[in-house]
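Text of query_10.cif, listed as mmCIF, C-alpha atoms:
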data_query
loop_
_atom_site.label_atom_id
_atom_site.label_comp_id
_atom_site.auth_asym_id
_atom_site.auth_seq_id
_atom_site.Cartn_x
_atom_site.Cartn_y
_atom_site.Cartn_z
CA MET A 1 -2.12 -43.35 30.02
CA LYS A 2 -5.15 -41.07 30.37
CA LEU A 3 -4.80 -37.35 31.03
CA LYS A 4 -6.44 -37.55 34.45
CA GLU A 5 -3.99 -40.28 35.46
CA LYS A 6 -1.07 -38.22 34.22
CA LEU A 7 -2.31 -35.29 36.29
CA ASN A 8 -2.98 -37.66 39.21
CA LEU A 9 -6.56 -36.39 39.66
CA SER A 10 -9.73 -38.06 40.87
CA ASP A 11 -12.81 -38.12 38.60
CA ILE A 12 -14.34 -35.13 40.42
CA SER A 13 -11.13 -33.08 40.34
CA PHE A 14 -10.60 -33.92 36.67
CA LYS A 15 -14.12 -32.74 35.79
CA LYS A 16 -13.53 -29.50 37.70
CA VAL A 17 -10.25 -28.89 35.84
CA LEU A 18 -11.93 -29.67 32.51
CA ILE A 19 -14.85 -27.31 33.21
CA LEU A 20 -12.46 -24.60 34.36
CA ALA A 21 -10.41 -24.97 31.15
CA VAL A 22 -13.56 -24.66 29.01
CA VAL A 23 -14.73 -21.57 30.93
CA ILE A 24 -11.30 -19.94 30.58
CA ALA A 25 -11.30 -20.68 26.83
CA ILE A 26 -14.75 -19.09 26.45
CA ILE A 27 -13.66 -16.02 28.42
CA ILE A 28 -10.54 -15.63 26.27
CA ILE A 29 -12.59 -15.88 23.07
CA CYS A 30 -15.04 -13.27 24.36
CA LEU A 31 -12.23 -10.93 25.39
CA VAL A 32 -10.56 -11.20 21.99
CA LYS A 33 -13.86 -10.47 20.22
CA PHE A 34 -14.55 -7.52 22.54
CA ALA A 35 -11.01 -6.15 22.22
CA THR A 36 -11.14 -6.15 18.41
CA PHE A 37 -14.62 -4.64 18.24
CA GLY A 38 -14.24 -1.13 16.83
CA THR A 39 -10.61 -1.59 15.80
CA LYS A 40 -11.29 -3.97 12.93
CA ASN A 41 -14.39 -4.08 10.83
CA PRO A 42 -15.38 -7.76 11.04
CA ASN A 43 -17.72 -7.53 8.07
CA GLY A 44 -15.29 -5.67 5.86
CA ASP A 45 -18.15 -3.36 4.85
CA ILE A 46 -15.87 -0.37 4.33
CA SER A 47 -13.95 -2.28 1.66
CA GLY A 48 -16.55 -1.51 -0.99
CA LYS A 49 -15.15 -4.10 -3.39
CA THR A 50 -18.30 -4.07 -5.50
CA LYS A 51 -19.71 -0.64 -4.74
CA LEU A 52 -18.86 2.77 -3.40
CA VAL A 53 -19.13 3.10 0.36
CA GLU A 54 -20.54 6.32 1.81
CA VAL A 55 -18.50 7.56 4.78
CA THR A 56 -18.04 10.71 6.85
CA VAL A 57 -14.73 12.58 6.93
CA THR A 58 -13.42 12.96 10.48
CA LYS A 59 -10.04 14.55 9.70
CA VAL A 60 -7.76 15.56 6.85
CA THR A 61 -4.24 14.55 7.87
CA ASP A 62 -2.32 15.88 4.89
CA GLY A 63 -2.53 16.16 1.12
CA ASP A 64 -3.07 12.46 0.45
CA THR A 65 -4.35 11.02 3.74
CA ILE A 66 -7.68 11.42 5.51
CA TRP A 67 -9.64 9.79 8.34
CA VAL A 68 -13.20 8.59 7.85
CA GLU A 69 -15.97 7.15 9.99
CA TYR A 70 -18.31 4.40 8.89
CA GLU A 71 -20.95 3.02 11.29
CA ASN A 72 -19.00 4.36 14.31
CA TYR A 73 -15.81 2.84 12.96
CA LYS A 74 -12.85 5.18 12.22
CA LYS A 75 -10.06 4.41 9.77
CA LYS A 76 -7.18 6.19 8.08
CA VAL A 77 -7.46 6.31 4.29
CA ARG A 78 -4.53 6.78 1.90
CA LEU A 79 -5.56 8.16 -1.48
CA ILE A 80 -4.52 5.72 -4.21
CA GLY A 81 -2.40 6.80 -7.16
CA ILE A 82 -1.11 10.12 -5.88
CA ASP A 83 1.76 11.27 -3.70
CA CYS A 84 1.83 14.70 -2.08
CA PRO A 85 4.94 16.24 -0.53
CA GLU A 86 5.28 15.59 3.19
CA SER A 87 3.81 17.92 5.78
CA VAL A 88 3.25 15.79 8.89
CA ALA A 89 6.06 13.22 8.75
CA TYR A 90 7.47 11.94 12.05
CA ASP A 91 10.89 12.99 10.77
CA ALA A 92 10.33 16.76 10.68
CA ASP A 93 13.23 17.18 8.22
CA ARG A 94 11.05 15.54 5.56
CA ASN A 95 8.26 18.12 5.91
CA THR A 96 8.24 20.84 3.27
CA LYS A 97 6.49 24.09 2.40
CA GLU A 98 5.08 22.33 -0.65
CA GLY A 99 3.68 19.61 1.63
CA ALA A 100 1.94 22.24 3.73
CA LYS A 101 0.45 23.78 0.59
CA ALA A 102 -0.77 20.40 -0.65
CA SER A 103 -2.28 19.68 2.77
CA ASP A 104 -4.00 23.09 2.81
CA TYR A 105 -5.34 22.47 -0.67
CA THR A 106 -6.87 19.10 0.29
CA LYS A 107 -8.32 20.71 3.42
CA SER A 108 -9.94 23.34 1.19
CA LEU A 109 -11.76 20.57 -0.69
CA ILE A 110 -13.00 18.45 2.22
CA LYS A 111 -13.40 18.91 5.94
CA LYS A 112 -14.65 17.15 9.03
CA GLY A 113 -18.29 16.15 8.65
CA ASP A 114 -18.29 15.96 4.85
CA THR A 115 -19.73 12.90 3.15
CA VAL A 116 -17.46 11.17 0.64
CA TYR A 117 -17.59 7.88 -1.25
CA LEU A 118 -14.78 5.33 -1.14
CA GLN A 119 -13.81 3.10 -4.04
CA THR A 120 -11.45 0.14 -3.71
CA ASP A 121 -8.98 -1.00 -6.35
CA VAL A 122 -7.23 -4.34 -5.64
CA SER A 123 -5.62 -3.93 -2.20
CA ASP A 124 -7.60 -3.27 0.93
CA VAL A 125 -4.83 -1.83 3.14
CA ASP A 126 -1.17 -0.87 2.85
CA LYS A 127 1.70 -1.94 5.10
CA TYR A 128 0.72 0.81 7.58
CA ASP A 129 -2.84 -0.60 7.85
CA ARG A 130 -4.33 2.41 6.04
CA TYR A 131 -7.22 1.76 3.71
CA LEU A 132 -6.24 2.36 0.09
CA ARG A 133 -9.07 4.13 -1.71
CA TYR A 134 -10.18 6.46 -4.44
CA VAL A 135 -12.25 9.16 -2.74
CA TRP A 136 -15.24 10.61 -4.54
CA LEU A 137 -16.63 13.96 -3.40
CA GLU A 138 -19.92 13.12 -5.11
CA GLU A 139 -21.27 9.73 -6.07
CA PRO A 140 -20.56 9.23 -9.79
CA GLU A 141 -22.91 7.74 -12.35
CA ASP A 142 -19.95 5.91 -13.95
CA VAL A 143 -16.59 5.42 -12.18
CA ASN A 144 -14.91 5.03 -15.57
CA ASP A 145 -16.16 8.29 -17.10
CA GLU A 146 -13.23 10.72 -17.38
CA SER A 147 -15.37 13.83 -17.01
CA GLU A 148 -16.80 12.50 -13.75
CA ILE A 149 -13.33 11.50 -12.54
CA ARG A 150 -12.08 15.04 -13.26
CA ALA A 151 -15.01 16.71 -11.51
CA LYS A 152 -15.79 14.38 -8.61
CA MET A 153 -12.77 12.26 -7.59
CA LEU A 154 -10.57 13.86 -4.93
CA ASN A 155 -7.44 11.97 -6.03
CA ALA A 156 -7.83 13.31 -9.58
CA ILE A 157 -8.74 16.86 -8.53
CA ILE A 158 -5.59 17.12 -6.39
CA LEU A 159 -3.50 15.95 -9.38
CA LEU A 160 -5.23 18.20 -11.90
CA ASN A 161 -4.65 21.24 -9.71
CA GLY A 162 -0.96 20.48 -9.29
CA TYR A 163 -0.68 19.44 -5.63
CA ALA A 164 0.51 15.85 -6.12
CA ASN A 165 2.52 13.57 -8.34
CA ALA A 166 0.92 10.55 -9.99
CA LYS A 167 2.37 7.53 -8.21
CA GLU A 168 1.78 3.97 -9.34
CA TYR A 169 1.62 1.40 -6.56
CA ALA A 170 0.93 -2.01 -8.08
CA PRO A 171 -1.46 -3.74 -8.01
CA ASP A 172 -3.71 -0.68 -7.44
CA THR A 173 -3.40 0.81 -10.92
CA LYS A 174 -6.96 1.18 -12.24
CA TYR A 175 -6.48 4.89 -13.04
CA ALA A 176 -2.65 4.97 -13.31
CA GLU A 177 -2.43 6.01 -16.96
CA LEU A 178 -5.13 8.62 -16.57
CA PHE A 179 -3.45 10.00 -13.45
CA LYS A 180 -0.11 10.32 -15.30
CA SER A 181 -1.86 12.39 -17.96
CA PHE A 182 -3.47 14.54 -15.25
CA GLU A 183 -0.06 15.24 -13.72
CA GLU A 184 1.36 16.25 -17.11
CA GLU A 185 -1.66 18.45 -17.74
CA SER A 186 -1.17 20.29 -14.43
CA LYS A 187 2.58 20.70 -15.04
CA ASN A 188 2.01 22.09 -18.54
CA ALA A 189 -0.57 24.53 -17.17
CA HIS A 190 1.73 25.52 -14.25
CA MET A 191 -0.95 24.66 -11.71
CA GLY A 192 -0.52 24.51 -7.95
CA LEU A 193 3.01 23.53 -6.92
CA TRP A 194 4.14 23.66 -10.56
CA ALA A 195 3.47 27.42 -10.63
CA GLN A 196 6.62 28.09 -8.65
#
Show the structure stored in the file as structure tokens.
Amino acid sequence: MKLKEKLNLSDISFKKVLILAVVIAIIIICLVKFATFGTKNPNGDISGKTKLVEVTVTKVTDGDTIWVEYENYKKKVRLIGIDCPESVAYDADRNTKEGAKASDYTKSLIKKGDTVYLQTDVSDVDKYDRYLRYVWLEEPEDVNDESEIRAKMLNAIILLNGYANAKEYAPDTKYAELFKSFEEESKNAHMGLWAQ
């Protein structure tokens, strides 16, 4: 039995129902596209899988998390490979003086309006929908050169100055061994939080 017979419609009524269904489908598709515009980057340009992506800092949340803007698109970025003590956790009992110091240190290095360069490892986002990135304060000539990493990569600078622990989150481990050595170096030199 045909659909129009099941619905007990004449040819004209069936055509009207069919046209209405198509129009509603088009409207829904347009609304979904419009609703996701600005909340998701449809081109994935900020991913920077093959290159560094230049962005503008809009906010420093804490020692290891910042917000950036790219082509009028804002996103939270979690610095890969480091873990700073908490300073802005929803559970206030988790916030510490050390977390506030780490946050202040990161804020001394970058601020709203600064240009930074994002580098991807393997993962694009974490379970909280934050971009996972290495953040470069200056564009490096070679992302594998240790002297450039020490001087220009925010993640490394925070570690080297003793305001974070090296933290390995597989599969994003490109600099994991280097970061462990940076943490040991800062501990041995009693830098930052290790000075206490």
Expand the PyMOL selection byres ((chain A and resi 77-87) around 9) into the explicit residue set it covers here, and present it as a ChimeraX atom specification. /A:61-68,75-76,88-89,92,94-103,120-121,125-126,130-135,154-156,158-159,163-169,172-176,179
Separation of atom CA of Thr58 of chain A and atom CA of Ile157 of chain A, in Å? 20.0 Å
As a ChimeraX atom specification, please: the residues near Gly162 of chain A (cut-off 9 Å, all atoms listed in the file, same-chain neighbours under 5 positions excluded). /A:102,157,182-183,185-187,189-195
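Relative to atom CA of Glu138 of chain A, atom CA of Met153 of chain A is found at 7.6 Å.
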I need the output of the PyMOL selection byres ((chain A and resi 52) around 6) for this file as a VMD selection string; which residues are they? chain A and resid 48 51 53 117 to 119
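Between atom CA of Ser147 of chain A and atom CA of Ser181 of chain A lies a distance of 13.6 Å.
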Can you pull out every residue within 9 Å of Leu137 of chain A, counting only C-alpha atoms, but drop anything in the same chain fewer than 6 positions away, and send it as a VMD selection string? chain A and resid 109 to 110 114 to 117 151 to 154
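Among the candidate residues A:Lys107, A:Lys74, A:Lys16, A:Lys112, the one lying nearest to Lys59 of chain A is A:Lys112, with distances computed using only C-alpha atoms.
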